[in-house]
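Peer 1: Got query-v1.tsv for you, TSV, N, CA and C atoms:
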```tsv
chain	number	residue	atom	x	y	z
A	35	MET	N	91.70	-72.09	19.37
A	35	MET	CA	90.43	-72.72	19.71
A	35	MET	C	90.44	-74.15	19.18
A	36	ILE	N	89.82	-74.99	19.90
A	36	ILE	CA	89.70	-76.38	19.52
A	36	ILE	C	88.35	-76.53	18.83
A	37	PRO	N	88.34	-77.13	17.62
A	37	PRO	CA	87.05	-77.32	16.93
A	37	PRO	C	86.07	-78.07	17.82
A	38	GLY	N	84.86	-77.60	17.86
A	38	GLY	CA	83.82	-78.26	18.65
A	38	GLY	C	83.88	-77.87	20.12
A	39	GLY	N	84.85	-77.05	20.52
A	39	GLY	CA	84.92	-76.58	21.89
A	39	GLY	C	85.34	-77.62	22.90
A	40	GLY	N	85.81	-78.79	22.47
A	40	GLY	CA	86.21	-79.84	23.39
A	40	GLY	C	87.59	-79.60	23.96
A	41	GLN	N	87.98	-80.48	24.86
A	41	GLN	CA	89.32	-80.41	25.45
A	41	GLN	C	90.34	-80.95	24.45
A	42	PRO	N	91.56	-80.43	24.47
A	42	PRO	CA	92.58	-80.96	23.57
A	42	PRO	C	92.91	-82.40	23.94
A	43	ASN	N	93.24	-83.16	22.93
A	43	ASN	CA	93.64	-84.54	23.13
A	43	ASN	C	95.08	-84.53	23.66
A	44	MET	N	95.24	-84.83	24.96
A	44	MET	CA	96.56	-84.75	25.58
A	44	MET	C	97.56	-85.71	24.93
A	45	GLN	N	97.11	-86.88	24.55
A	45	GLN	CA	98.00	-87.84	23.90
A	45	GLN	C	98.53	-87.25	22.59
A	46	GLN	N	97.64	-86.62	21.84
A	46	GLN	CA	98.04	-86.02	20.57
A	46	GLN	C	99.00	-84.85	20.81
A	47	LEU	N	98.73	-84.03	21.79
A	47	LEU	CA	99.62	-82.92	22.11
A	47	LEU	C	101.00	-83.42	22.53
A	48	LEU	N	101.03	-84.46	23.33
A	48	LEU	CA	102.32	-85.02	23.77
A	48	LEU	C	103.08	-85.61	22.59
A	49	GLN	N	102.38	-86.25	21.66
A	49	GLN	CA	103.03	-86.80	20.47
A	49	GLN	C	103.61	-85.67	19.62
A	50	GLN	N	102.86	-84.58	19.49
A	50	GLN	CA	103.35	-83.45	18.70
A	50	GLN	C	104.59	-82.84	19.37
A	51	ALA	N	104.54	-82.71	20.69
A	51	ALA	CA	105.69	-82.16	21.42
A	51	ALA	C	106.90	-83.07	21.27
A	52	GLN	N	106.68	-84.37	21.34
A	52	GLN	CA	107.78	-85.32	21.20
A	52	GLN	C	108.37	-85.24	19.79
A	53	LYS	N	107.53	-85.10	18.78
A	53	LYS	CA	107.99	-84.99	17.39
A	53	LYS	C	108.82	-83.72	17.23
A	54	MET	N	108.34	-82.61	17.81
A	54	MET	CA	109.10	-81.36	17.72
A	54	MET	C	110.45	-81.49	18.41
A	55	GLN	N	110.48	-82.18	19.53
A	55	GLN	CA	111.74	-82.39	20.24
A	55	GLN	C	112.69	-83.22	19.40
A	56	GLN	N	112.18	-84.25	18.73
A	56	GLN	CA	113.01	-85.09	17.88
A	56	GLN	C	113.55	-84.28	16.70
A	57	ASP	N	112.67	-83.46	16.09
A	57	ASP	CA	113.10	-82.63	14.97
A	57	ASP	C	114.17	-81.63	15.41
A	58	LEU	N	114.00	-81.07	16.59
A	58	LEU	CA	114.96	-80.12	17.13
A	58	LEU	C	116.31	-80.81	17.39
A	59	ALA	N	116.27	-81.99	17.97
A	59	ALA	CA	117.50	-82.75	18.23
A	59	ALA	C	118.21	-83.09	16.93
A	60	GLN	N	117.45	-83.47	15.91
A	60	GLN	CA	118.04	-83.80	14.61
A	60	GLN	C	118.69	-82.56	13.99
A	61	ALA	N	118.01	-81.42	14.07
A	61	ALA	CA	118.57	-80.19	13.51
A	61	ALA	C	119.84	-79.79	14.25
A	62	GLN	N	119.86	-79.96	15.59
A	62	GLN	CA	121.06	-79.64	16.36
A	62	GLN	C	122.21	-80.56	15.98
A	63	GLU	N	121.90	-81.81	15.72
A	63	GLU	CA	122.92	-82.78	15.31
A	63	GLU	C	123.50	-82.38	13.95
A	64	GLU	N	122.62	-81.96	13.04
A	64	GLU	CA	123.07	-81.51	11.72
A	64	GLU	C	123.97	-80.28	11.86
A	65	LEU	N	123.58	-79.37	12.74
A	65	LEU	CA	124.40	-78.17	12.96
A	65	LEU	C	125.79	-78.53	13.46
A	66	ALA	N	125.87	-79.47	14.37
A	66	ALA	CA	127.16	-79.87	14.93
A	66	ALA	C	128.07	-80.45	13.85
A	67	GLY	N	127.48	-81.02	12.80
A	67	GLY	CA	128.27	-81.61	11.73
A	67	GLY	C	128.53	-80.68	10.56
A	68	THR	N	127.99	-79.47	10.61
A	68	THR	CA	128.16	-78.51	9.52
A	68	THR	C	129.24	-77.51	9.89
A	69	GLU	N	130.16	-77.25	8.96
A	69	GLU	CA	131.22	-76.29	9.23
A	69	GLU	C	130.96	-74.98	8.50
A	70	VAL	N	131.29	-73.87	9.17
A	70	VAL	CA	131.07	-72.52	8.66
A	70	VAL	C	132.37	-71.75	8.83
A	71	ASP	N	132.70	-70.92	7.84
A	71	ASP	CA	133.95	-70.16	7.88
A	71	ASP	C	133.71	-68.69	8.18
A	72	GLY	N	134.74	-68.06	8.68
A	72	GLY	CA	134.79	-66.61	8.86
A	72	GLY	C	136.21	-66.18	8.61
A	73	GLN	N	136.39	-64.93	8.19
A	73	GLN	CA	137.76	-64.48	7.91
A	73	GLN	C	137.94	-63.04	8.33
A	74	ALA	N	139.20	-62.64	8.43
A	74	ALA	CA	139.55	-61.27	8.79
A	74	ALA	C	140.83	-60.89	8.05
A	75	GLY	N	141.06	-59.60	7.96
A	75	GLY	CA	142.28	-59.12	7.32
A	75	GLY	C	142.33	-59.48	5.85
A	76	GLY	N	141.17	-59.43	5.18
A	76	GLY	CA	141.14	-59.77	3.76
A	76	GLY	C	141.52	-61.21	3.49
A	77	GLY	N	141.25	-62.08	4.43
A	77	GLY	CA	141.53	-63.50	4.26
A	77	GLY	C	142.86	-63.95	4.84
A	78	LEU	N	143.57	-63.04	5.53
A	78	LEU	CA	144.84	-63.43	6.13
A	78	LEU	C	144.64	-64.44	7.25
A	79	VAL	N	143.49	-64.34	7.94
A	79	VAL	CA	143.16	-65.29	9.00
A	79	VAL	C	141.78	-65.84	8.71
A	80	LYS	N	141.67	-67.16	8.70
A	80	LYS	CA	140.39	-67.83	8.45
A	80	LYS	C	140.10	-68.78	9.60
A	81	ALA	N	138.88	-68.68	10.12
A	81	ALA	CA	138.46	-69.56	11.20
A	81	ALA	C	137.31	-70.41	10.71
A	82	THR	N	137.28	-71.65	11.17
A	82	THR	CA	136.19	-72.57	10.85
A	82	THR	C	135.56	-73.02	12.15
A	83	VAL	N	134.23	-72.87	12.24
A	83	VAL	CA	133.48	-73.35	13.40
A	83	VAL	C	132.41	-74.29	12.90
A	84	ASN	N	131.92	-75.15	13.80
A	84	ASN	CA	130.78	-75.96	13.40
A	84	ASN	C	129.52	-75.13	13.64
A	85	GLY	N	128.38	-75.65	13.22
A	85	GLY	CA	127.13	-74.92	13.33
A	85	GLY	C	126.73	-74.61	14.75
A	86	SER	N	127.36	-75.26	15.71
A	86	SER	CA	127.10	-74.98	17.12
A	86	SER	C	128.03	-73.91	17.67
A	87	GLY	N	128.98	-73.45	16.85
A	87	GLY	CA	129.89	-72.40	17.27
A	87	GLY	C	131.21	-72.89	17.85
A	88	GLU	N	131.47	-74.19	17.76
A	88	GLU	CA	132.72	-74.76	18.28
A	88	GLU	C	133.83	-74.56	17.25
A	89	LEU	N	134.95	-73.96	17.68
A	89	LEU	CA	136.08	-73.71	16.79
A	89	LEU	C	136.66	-75.04	16.32
A	90	ARG	N	136.73	-75.23	15.00
A	90	ARG	CA	137.22	-76.49	14.44
A	90	ARG	C	138.54	-76.33	13.69
A	91	GLY	N	138.84	-75.10	13.25
A	91	GLY	CA	140.08	-74.91	12.52
A	91	GLY	C	140.45	-73.44	12.43
A	92	LEU	N	141.74	-73.19	12.24
A	92	LEU	CA	142.24	-71.83	12.14
A	92	LEU	C	143.41	-71.85	11.16
A	93	VAL	N	143.35	-70.99	10.14
A	93	VAL	CA	144.41	-70.90	9.15
A	93	VAL	C	144.94	-69.47	9.18
A	94	ILE	N	146.26	-69.34	9.36
A	94	ILE	CA	146.88	-68.02	9.41
A	94	ILE	C	147.89	-67.93	8.27
A	95	ASP	N	147.68	-66.97	7.38
A	95	ASP	CA	148.61	-66.73	6.28
A	95	ASP	C	149.92	-66.22	6.87
A	96	PRO	N	151.06	-66.74	6.42
A	96	PRO	CA	152.35	-66.30	6.96
A	96	PRO	C	152.55	-64.78	6.87
A	97	LYS	N	151.90	-64.13	5.90
A	97	LYS	CA	152.02	-62.67	5.78
A	97	LYS	C	151.44	-61.95	6.99
A	98	ALA	N	150.57	-62.61	7.73
A	98	ALA	CA	149.95	-61.99	8.91
A	98	ALA	C	150.83	-62.09	10.14
A	99	VAL	N	151.91	-62.85	10.04
A	99	VAL	CA	152.76	-63.09	11.21
A	99	VAL	C	153.91	-62.10	11.22
A	100	ASP	N	153.89	-61.21	12.21
A	100	ASP	CA	154.98	-60.25	12.43
A	100	ASP	C	155.39	-60.39	13.89
A	101	PRO	N	156.55	-60.96	14.16
A	101	PRO	CA	156.98	-61.17	15.55
A	101	PRO	C	157.00	-59.89	16.37
A	102	GLU	N	157.12	-58.75	15.71
A	102	GLU	CA	157.14	-57.46	16.41
A	102	GLU	C	155.72	-56.95	16.69
A	103	ASP	N	154.71	-57.57	16.10
A	103	ASP	CA	153.34	-57.06	16.26
A	103	ASP	C	152.36	-58.23	16.41
A	104	THR	N	152.45	-58.90	17.53
A	104	THR	CA	151.55	-60.04	17.77
A	104	THR	C	150.14	-59.58	18.12
A	105	GLU	N	149.98	-58.33	18.56
A	105	GLU	CA	148.64	-57.83	18.90
A	105	GLU	C	147.73	-57.79	17.68
A	106	THR	N	148.26	-57.35	16.55
A	106	THR	CA	147.45	-57.30	15.33
A	106	THR	C	147.03	-58.70	14.92
A	107	LEU	N	147.93	-59.65	15.01
A	107	LEU	CA	147.59	-61.03	14.69
A	107	LEU	C	146.50	-61.54	15.62
A	108	ALA	N	146.63	-61.26	16.91
A	108	ALA	CA	145.61	-61.69	17.87
A	108	ALA	C	144.26	-61.07	17.53
A	109	ASP	N	144.25	-59.80	17.16
A	109	ASP	CA	143.00	-59.13	16.78
A	109	ASP	C	142.38	-59.78	15.54
A	110	LEU	N	143.22	-60.15	14.58
A	110	LEU	CA	142.72	-60.81	13.37
A	110	LEU	C	142.12	-62.17	13.70
A	111	VAL	N	142.76	-62.91	14.60
A	111	VAL	CA	142.23	-64.21	15.00
A	111	VAL	C	140.88	-64.05	15.67
A	112	VAL	N	140.79	-63.10	16.60
A	112	VAL	CA	139.52	-62.86	17.30
A	112	VAL	C	138.44	-62.46	16.29
A	113	ALA	N	138.77	-61.57	15.37
A	113	ALA	CA	137.79	-61.12	14.38
A	113	ALA	C	137.33	-62.26	13.48
A	114	ALA	N	138.25	-63.13	13.07
A	114	ALA	CA	137.88	-64.26	12.21
A	114	ALA	C	136.97	-65.23	12.95
A	115	VAL	N	137.28	-65.50	14.21
A	115	VAL	CA	136.45	-66.40	15.00
A	115	VAL	C	135.06	-65.79	15.21
A	116	GLN	N	135.02	-64.49	15.49
A	116	GLN	CA	133.73	-63.82	15.66
A	116	GLN	C	132.91	-63.88	14.38
A	117	ALA	N	133.55	-63.66	13.24
A	117	ALA	CA	132.85	-63.71	11.96
A	117	ALA	C	132.30	-65.12	11.71
A	118	ALA	N	133.10	-66.12	12.01
A	118	ALA	CA	132.65	-67.51	11.83
A	118	ALA	C	131.47	-67.80	12.76
A	119	ASN	N	131.53	-67.32	14.01
A	119	ASN	CA	130.44	-67.54	14.95
A	119	ASN	C	129.17	-66.83	14.51
A	120	GLU	N	129.29	-65.64	13.94
A	120	GLU	CA	128.12	-64.93	13.42
A	120	GLU	C	127.48	-65.74	12.30
A	121	ASN	N	128.32	-66.32	11.43
A	121	ASN	CA	127.80	-67.16	10.36
A	121	ASN	C	127.13	-68.41	10.92
A	122	ALA	N	127.69	-68.96	11.99
A	122	ALA	CA	127.09	-70.14	12.63
A	122	ALA	C	125.74	-69.77	13.25
A	123	GLN	N	125.64	-68.58	13.84
A	123	GLN	CA	124.37	-68.15	14.42
A	123	GLN	C	123.30	-67.98	13.36
A	124	GLN	N	123.69	-67.46	12.20
A	124	GLN	CA	122.73	-67.34	11.10
A	124	GLN	C	122.25	-68.72	10.65
A	125	LEU	N	123.19	-69.67	10.58
A	125	LEU	CA	122.83	-71.03	10.21
A	125	LEU	C	121.89	-71.64	11.25
A	126	GLN	N	122.16	-71.39	12.53
A	126	GLN	CA	121.29	-71.89	13.60
A	126	GLN	C	119.89	-71.33	13.44
A	127	GLN	N	119.78	-70.05	13.13
A	127	GLN	CA	118.47	-69.43	12.97
A	127	GLN	C	117.72	-70.06	11.80
A	128	GLN	N	118.45	-70.34	10.72
A	128	GLN	CA	117.82	-70.95	9.55
A	128	GLN	C	117.30	-72.35	9.89
A	129	LYS	N	118.12	-73.13	10.59
A	129	LYS	CA	117.75	-74.52	10.88
A	129	LYS	C	116.80	-74.66	12.05
A	130	LEU	N	117.04	-73.88	13.10
A	130	LEU	CA	116.26	-74.06	14.32
A	130	LEU	C	115.08	-73.10	14.42
A	131	GLY	N	115.15	-71.98	13.74
A	131	GLY	CA	114.10	-70.97	13.83
A	131	GLY	C	112.70	-71.52	13.62
A	132	PRO	N	112.47	-72.21	12.50
A	132	PRO	CA	111.11	-72.73	12.27
A	132	PRO	C	110.68	-73.74	13.35
A	133	LEU	N	111.63	-74.49	13.87
A	133	LEU	CA	111.28	-75.49	14.90
A	133	LEU	C	110.96	-74.82	16.23
A	134	THR	N	111.77	-73.84	16.62
A	134	THR	CA	111.54	-73.21	17.91
A	134	THR	C	110.32	-72.31	17.87
A	135	GLN	N	109.97	-71.78	16.70
A	135	GLN	CA	108.75	-70.98	16.61
A	135	GLN	C	107.54	-71.85	16.88
A	136	GLY	N	107.61	-73.09	16.47
A	136	GLY	CA	106.51	-74.02	16.73
A	136	GLY	C	106.34	-74.29	18.21
A	137	LEU	N	107.41	-74.06	18.98
A	137	LEU	CA	107.36	-74.29	20.43
A	137	LEU	C	107.03	-73.01	21.18
A	138	GLY	N	106.90	-71.91	20.44
A	138	GLY	CA	106.75	-70.59	21.04
A	138	GLY	C	105.69	-70.48	22.12
A	139	GLY	N	104.52	-71.06	21.90
A	139	GLY	CA	103.47	-70.98	22.91
A	139	GLY	C	103.83	-71.80	24.12
A	140	GLY	N	104.55	-72.86	23.90
A	140	GLY	CA	104.94	-73.73	25.00
A	140	GLY	C	103.72	-74.40	25.64
A	141	MET	N	104.00	-75.36	26.44
A	141	MET	CA	102.95	-76.02	27.20
A	141	MET	C	103.37	-76.01	28.65
A	142	PRO	N	102.45	-75.77	29.55
A	142	PRO	CA	102.83	-75.75	30.96
A	142	PRO	C	103.52	-77.04	31.36
A	143	GLY	N	104.62	-76.90	32.08
A	143	GLY	CA	105.33	-78.08	32.58
A	143	GLY	C	106.36	-78.65	31.62
A	144	LEU	N	106.39	-78.13	30.36
A	144	LEU	CA	107.38	-78.63	29.41
A	144	LEU	C	108.48	-77.59	29.25
A	145	PRO	N	109.73	-78.03	29.06
A	145	PRO	CA	110.87	-77.11	29.10
A	145	PRO	C	111.09	-76.34	27.80
A	146	PHE	N	110.06	-75.87	27.14
A	146	PHE	CA	110.28	-75.03	25.95
A	146	PHE	C	109.21	-74.03	25.78
```
When written as structure tokens, how does the structure in this file appear?
Peer 2:
Amino acid sequence: MIPGGGQPNMQQLLQQAQKMQQDLAQAQEELAGTEVDGQAGGGLVKATVNGSGELRGLVIDPKAVDPEDTETLADLVVAAVQAANENAQQLQQQKLGPLTQGLGGGMPGLPF
């Protein structure tokens, strides 16, 4: 409800929406610059992704490399990347959650 029963100030609403968009863009930029790790096989394979989920690095311990069993190594790589992406998703929720909740009601005609 609007105090006094008047119409909402459209200029003020648009300014608030623009501020939320700027805050969201800034948080997304911060996420892109933040790196998160995940590992598998007790640390034999470690993957690093940025906060947006983009794979940035992969470290494979030589003990994980068996030329006769490349399937296990592939599984460890996939598991490490998945773990890193799960950590990135948690980071996204922490950074973006409060911002996107503010957009939850949305406004007609605006893309959120």
Peer 1: For Gln123 (chain A), which residue out of A:Ala108, A:Val83, A:Met44, A:Val99 is the nearest one, using only C-alpha atoms?
Peer 2: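 Answer, going by the shortest atom-to-atom distance: A:Val83.
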Peer 1: In Å to one decimal, how far is atom C of Gly75 (chain A) from atom N of Asp103 (chain A)?
Peer 2: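 If I compute the distance from atom N of Asp103 (chain A) to atom C of Gly75 (chain A), I get 16.2 Å.
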Peer 1: What does the distance between CA of Gln60 (chain A) and CA of Val93 (chain A) come to in Å, to one decimal place?
Peer 2: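 Taking CA of Gln60 (chain A) as the start and CA of Val93 (chain A) as the end point, the length is 29.9 Å.
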Peer 1: Ranking A:Gln73, A:Thr68, A:Asn84, A:Gln127 by minimum distance to Val111 (chain A) and counting all atoms listed in the file, which one comes first?
Peer 2: A:Gln73
Peer 1: Quick one: everything within 10 Å of Ala113 (chain A), counting only C-alpha atoms, minus sequence neighbours fewer than 3 positions away in the same chain. Send it as a VMD selection string.
Peer 2: chain A and resid 72 to 75 79 to 81 107 to 110 116 to 119
Peer 1: Among region 88-133 of chain A, which ones does DSSP assign to helix (DSSP H, G or I) (computed from the backbone)? Answer as an mmCIF file with N, CA and C atoms, in the frame of the given file.
Peer 2:
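Output contents, as saved in states19.cif:
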```cif
data_model
loop_
_atom_site.group_PDB
_atom_site.id
_atom_site.type_symbol
_atom_site.label_atom_id
_atom_site.label_comp_id
_atom_site.auth_asym_id
_atom_site.auth_seq_id
_atom_site.Cartn_x
_atom_site.Cartn_y
_atom_site.Cartn_z
ATOM 1 N N PRO A 96 151.060 -66.740 6.420
ATOM 2 C CA PRO A 96 152.350 -66.300 6.960
ATOM 3 C C PRO A 96 152.550 -64.780 6.870
ATOM 4 N N LYS A 97 151.900 -64.130 5.900
ATOM 5 C CA LYS A 97 152.020 -62.670 5.780
ATOM 6 C C LYS A 97 151.440 -61.950 6.990
ATOM 7 N N ALA A 98 150.570 -62.610 7.730
ATOM 8 C CA ALA A 98 149.950 -61.990 8.910
ATOM 9 C C ALA A 98 150.830 -62.090 10.140
ATOM 10 N N THR A 104 152.450 -58.900 17.530
ATOM 11 C CA THR A 104 151.550 -60.040 17.770
ATOM 12 C C THR A 104 150.140 -59.580 18.120
ATOM 13 N N GLU A 105 149.980 -58.330 18.560
ATOM 14 C CA GLU A 105 148.640 -57.830 18.900
ATOM 15 C C GLU A 105 147.730 -57.790 17.680
ATOM 16 N N THR A 106 148.260 -57.350 16.550
ATOM 17 C CA THR A 106 147.450 -57.300 15.330
ATOM 18 C C THR A 106 147.030 -58.700 14.920
ATOM 19 N N LEU A 107 147.930 -59.650 15.010
ATOM 20 C CA LEU A 107 147.590 -61.030 14.690
ATOM 21 C C LEU A 107 146.500 -61.540 15.620
ATOM 22 N N ALA A 108 146.630 -61.260 16.910
ATOM 23 C CA ALA A 108 145.610 -61.690 17.870
ATOM 24 C C ALA A 108 144.260 -61.070 17.530
ATOM 25 N N ASP A 109 144.250 -59.800 17.160
ATOM 26 C CA ASP A 109 143.000 -59.130 16.780
ATOM 27 C C ASP A 109 142.380 -59.780 15.540
ATOM 28 N N LEU A 110 143.220 -60.150 14.580
ATOM 29 C CA LEU A 110 142.720 -60.810 13.370
ATOM 30 C C LEU A 110 142.120 -62.170 13.700
ATOM 31 N N VAL A 111 142.760 -62.910 14.600
ATOM 32 C CA VAL A 111 142.230 -64.210 15.000
ATOM 33 C C VAL A 111 140.880 -64.050 15.670
ATOM 34 N N VAL A 112 140.790 -63.100 16.600
ATOM 35 C CA VAL A 112 139.520 -62.860 17.300
ATOM 36 C C VAL A 112 138.440 -62.460 16.290
ATOM 37 N N ALA A 113 138.770 -61.570 15.370
ATOM 38 C CA ALA A 113 137.790 -61.120 14.380
ATOM 39 C C ALA A 113 137.330 -62.260 13.480
ATOM 40 N N ALA A 114 138.250 -63.130 13.070
ATOM 41 C CA ALA A 114 137.880 -64.260 12.210
ATOM 42 C C ALA A 114 136.970 -65.230 12.950
ATOM 43 N N VAL A 115 137.280 -65.500 14.210
ATOM 44 C CA VAL A 115 136.450 -66.400 15.000
ATOM 45 C C VAL A 115 135.060 -65.790 15.210
ATOM 46 N N GLN A 116 135.020 -64.490 15.490
ATOM 47 C CA GLN A 116 133.730 -63.820 15.660
ATOM 48 C C GLN A 116 132.910 -63.880 14.380
ATOM 49 N N ALA A 117 133.550 -63.660 13.240
ATOM 50 C CA ALA A 117 132.850 -63.710 11.960
ATOM 51 C C ALA A 117 132.300 -65.120 11.710
ATOM 52 N N ALA A 118 133.100 -66.120 12.010
ATOM 53 C CA ALA A 118 132.650 -67.510 11.830
ATOM 54 C C ALA A 118 131.470 -67.800 12.760
ATOM 55 N N ASN A 119 131.530 -67.320 14.010
ATOM 56 C CA ASN A 119 130.440 -67.540 14.950
ATOM 57 C C ASN A 119 129.170 -66.830 14.510
ATOM 58 N N GLU A 120 129.290 -65.640 13.940
ATOM 59 C CA GLU A 120 128.120 -64.930 13.420
ATOM 60 C C GLU A 120 127.480 -65.740 12.300
ATOM 61 N N ASN A 121 128.320 -66.320 11.430
ATOM 62 C CA ASN A 121 127.800 -67.160 10.360
ATOM 63 C C ASN A 121 127.130 -68.410 10.920
ATOM 64 N N ALA A 122 127.690 -68.960 11.990
ATOM 65 C CA ALA A 122 127.090 -70.140 12.630
ATOM 66 C C ALA A 122 125.740 -69.770 13.250
ATOM 67 N N GLN A 123 125.640 -68.580 13.840
ATOM 68 C CA GLN A 123 124.370 -68.150 14.420
ATOM 69 C C GLN A 123 123.300 -67.980 13.360
ATOM 70 N N GLN A 124 123.690 -67.460 12.200
ATOM 71 C CA GLN A 124 122.730 -67.340 11.100
ATOM 72 C C GLN A 124 122.250 -68.720 10.650
ATOM 73 N N LEU A 125 123.190 -69.670 10.580
ATOM 74 C CA LEU A 125 122.830 -71.030 10.210
ATOM 75 C C LEU A 125 121.890 -71.640 11.250
ATOM 76 N N GLN A 126 122.160 -71.390 12.530
ATOM 77 C CA GLN A 126 121.290 -71.890 13.600
ATOM 78 C C GLN A 126 119.890 -71.330 13.440
ATOM 79 N N GLN A 127 119.780 -70.050 13.130
ATOM 80 C CA GLN A 127 118.470 -69.430 12.970
ATOM 81 C C GLN A 127 117.720 -70.060 11.800
ATOM 82 N N GLN A 128 118.450 -70.340 10.720
ATOM 83 C CA GLN A 128 117.820 -70.950 9.550
ATOM 84 C C GLN A 128 117.300 -72.350 9.890
ATOM 85 N N LYS A 129 118.120 -73.130 10.590
ATOM 86 C CA LYS A 129 117.750 -74.520 10.880
ATOM 87 C C LYS A 129 116.800 -74.660 12.050
ATOM 88 N N LEU A 130 117.040 -73.880 13.100
ATOM 89 C CA LEU A 130 116.260 -74.060 14.320
ATOM 90 C C LEU A 130 115.080 -73.100 14.420
ATOM 91 N N GLY A 131 115.150 -71.980 13.740
ATOM 92 C CA GLY A 131 114.100 -70.970 13.830
ATOM 93 C C GLY A 131 112.700 -71.520 13.620
ATOM 94 N N PRO A 132 112.470 -72.210 12.500
ATOM 95 C CA PRO A 132 111.110 -72.730 12.270
ATOM 96 C C PRO A 132 110.680 -73.740 13.350
ATOM 97 N N LEU A 133 111.630 -74.490 13.870
ATOM 98 C CA LEU A 133 111.280 -75.490 14.900
ATOM 99 C C LEU A 133 110.960 -74.820 16.230
#
```
Peer 1: Work out how far apart atom N of Pro96 (chain A) and CA of Asp71 (chain A) are and give it in Å to one decimal.
Peer 2: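 Computed distance, atom N of Pro96 (chain A) to CA of Asp71 (chain A), equals 17.5 Å.
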Peer 1: Determine the nearest neighbour of Leu78 (chain A) from the options A:Met54, A:Ala61, A:Ile94, A:Gln124, counting all atoms listed in the file.
Peer 2: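 The closest residue to Leu78 (chain A) is A:Ile94.
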Peer 1: Between A:Glu63, A:Gln49, A:Leu58, A:Thr82, which is the closest to Ala114 (chain A) once you count only N, CA and C atoms?
Peer 2: A:Thr82
Peer 1: Output as a PyMOL selection string all residues of region 39-106 of chain A that backbone DSSP marks as strand (DSSP E or B).
Peer 2: chain A and resi 69-74+79-84+89-94
